Amino acid sequence: MSQRKFILLSILKTWFMAAVISMIILITYLAATKIPVQDGSPPRNCDMSGLAYGIVLFWVLSLSLVSISSLFSLLKGFRGNIKRGLCWFALPVLLAGCFLAGISGGNIDKETVVFFLIADVPWFLIWTFYYYKFISLFK
C-alpha cells in the first residue's frame, strides 16, 4: 500500500470511528444529565441535543478535512520529524483551539469542557494511532 493511500484510508477510518464513538459518548452524556420534568411544571419545548449531535458530526468532519494536510508530509520538503509532526497535528490542534474558543463564547464552564472532550479526544486518539502506524510502516 502506498503512503498516500494509507493516509487517505486512515483519514476515512478515523472520521468514521471517531464520529461513532463521539456520538455514543454524547448520547450517554445527554441521557445521564437529562433534567427530569417536575410534577406540575410544563415540559421543555426545545431540546437542543440535535444541535449538539450536528456540531459533533460537523466538527469531526472538519478535523478529518484538516488532516489532509498530513499528505504534505509525503513531500520532500516536509521530510523532517518536526515538519511531519506539524503536518499531522499542528493544524488539527490549532483548529481545536478555535473550536473551544467558539463554543465557549468567552466563558469556559464544565459543560463546554465536556463537550470539547467528547468532540476531540476520540479523533485525536485514533489519529495518533494511525500516525504511529504510519511511522512504523514507512520509516
# chains A, B, ... in the order shown; residues from 1 in each chain; ligands from 1
$ select_by_dssp --residues "chain A" --states "alpha helix (DSSP H)" --output "number ranges by chain"
A: 3-32, 49-66, 81-85, 91-104, 110-138
$ residues_around --residues "Leu61 in chain A" --least-positions-apart "3" --cutoff "10 Å" --atoms "only C-alpha atoms" --output "short mmCIF file (atom, residue, chain, number, x, y, z; two decimals) with C-alpha atoms, in the first residue's frame"
data_model
loop_
_atom_site.label_atom_id
_atom_site.label_comp_id
_atom_site.auth_asym_id
_atom_site.auth_seq_id
_atom_site.Cartn_x
_atom_site.Cartn_y
_atom_site.Cartn_z
CA ILE A 11 -8.50 9.71 7.37
CA LEU A 12 -11.67 7.88 6.39
CA THR A 14 -10.55 7.91 11.73
CA TRP A 15 -13.53 10.01 10.68
CA PHE A 16 -15.95 7.08 10.85
CA ALA A 18 -14.37 8.96 15.86
CA ALA A 19 -17.86 10.00 14.73
CA ILE A 55 -22.00 20.12 15.86
CA VAL A 56 -20.08 16.97 16.83
CA LEU A 57 -20.55 15.41 13.38
CA PHE A 58 -19.53 18.63 11.65
CA SER A 64 -10.74 14.96 9.10
CA LEU A 65 -10.62 17.54 6.33
CA VAL A 66 -7.83 19.41 8.08
CA SER A 67 -5.92 16.15 8.48
CA TRP A 123 -10.47 11.73 16.98
#
$ residues_around --residues "range 73-79 of chain A" --least-positions-apart "5" --cutoff "10 Å" --atoms "only C-alpha atoms" --output "count of residues only"
9
$ atom_distance --atom1 "CA of Trp59 in chain A" --atom2 "CA of Val121 in chain A"
11.8 Å
$ atom_distance --atom1 "CA of Ala96 in chain A" --atom2 "CA of Leu63 in chain A"
8.1 Å
$ atom_distance --atom1 "CA of Leu26 in chain A" --atom2 "CA of Tyr53 in chain A"
7.6 Å
$ closest_residue --among "A:Ser136, A:Val113, A:Ser69, A:Leu30" --to "Leu91 in chain A" --atoms "only C-alpha atoms"
A:Ser69
$ closest_residue --among "A:Val20, A:Ile82, A:Lys34, A:Ser70" --to "Phe134 in chain A" --atoms "only C-alpha atoms"
A:Ser70
$ residues_around --residues "Leu137 in chain A" --least-positions-apart "3" --cutoff "10 Å" --atoms "only C-alpha atoms" --output "JSON, numbers by chain"
{"A": [1, 3, 6, 131, 132, 133, 134]}
$ closest_residue --among "A:Val93, A:Gly50, A:Met23, A:Ser62" --to "Pro122 in chain A" --atoms "only C-alpha atoms"
A:Met23
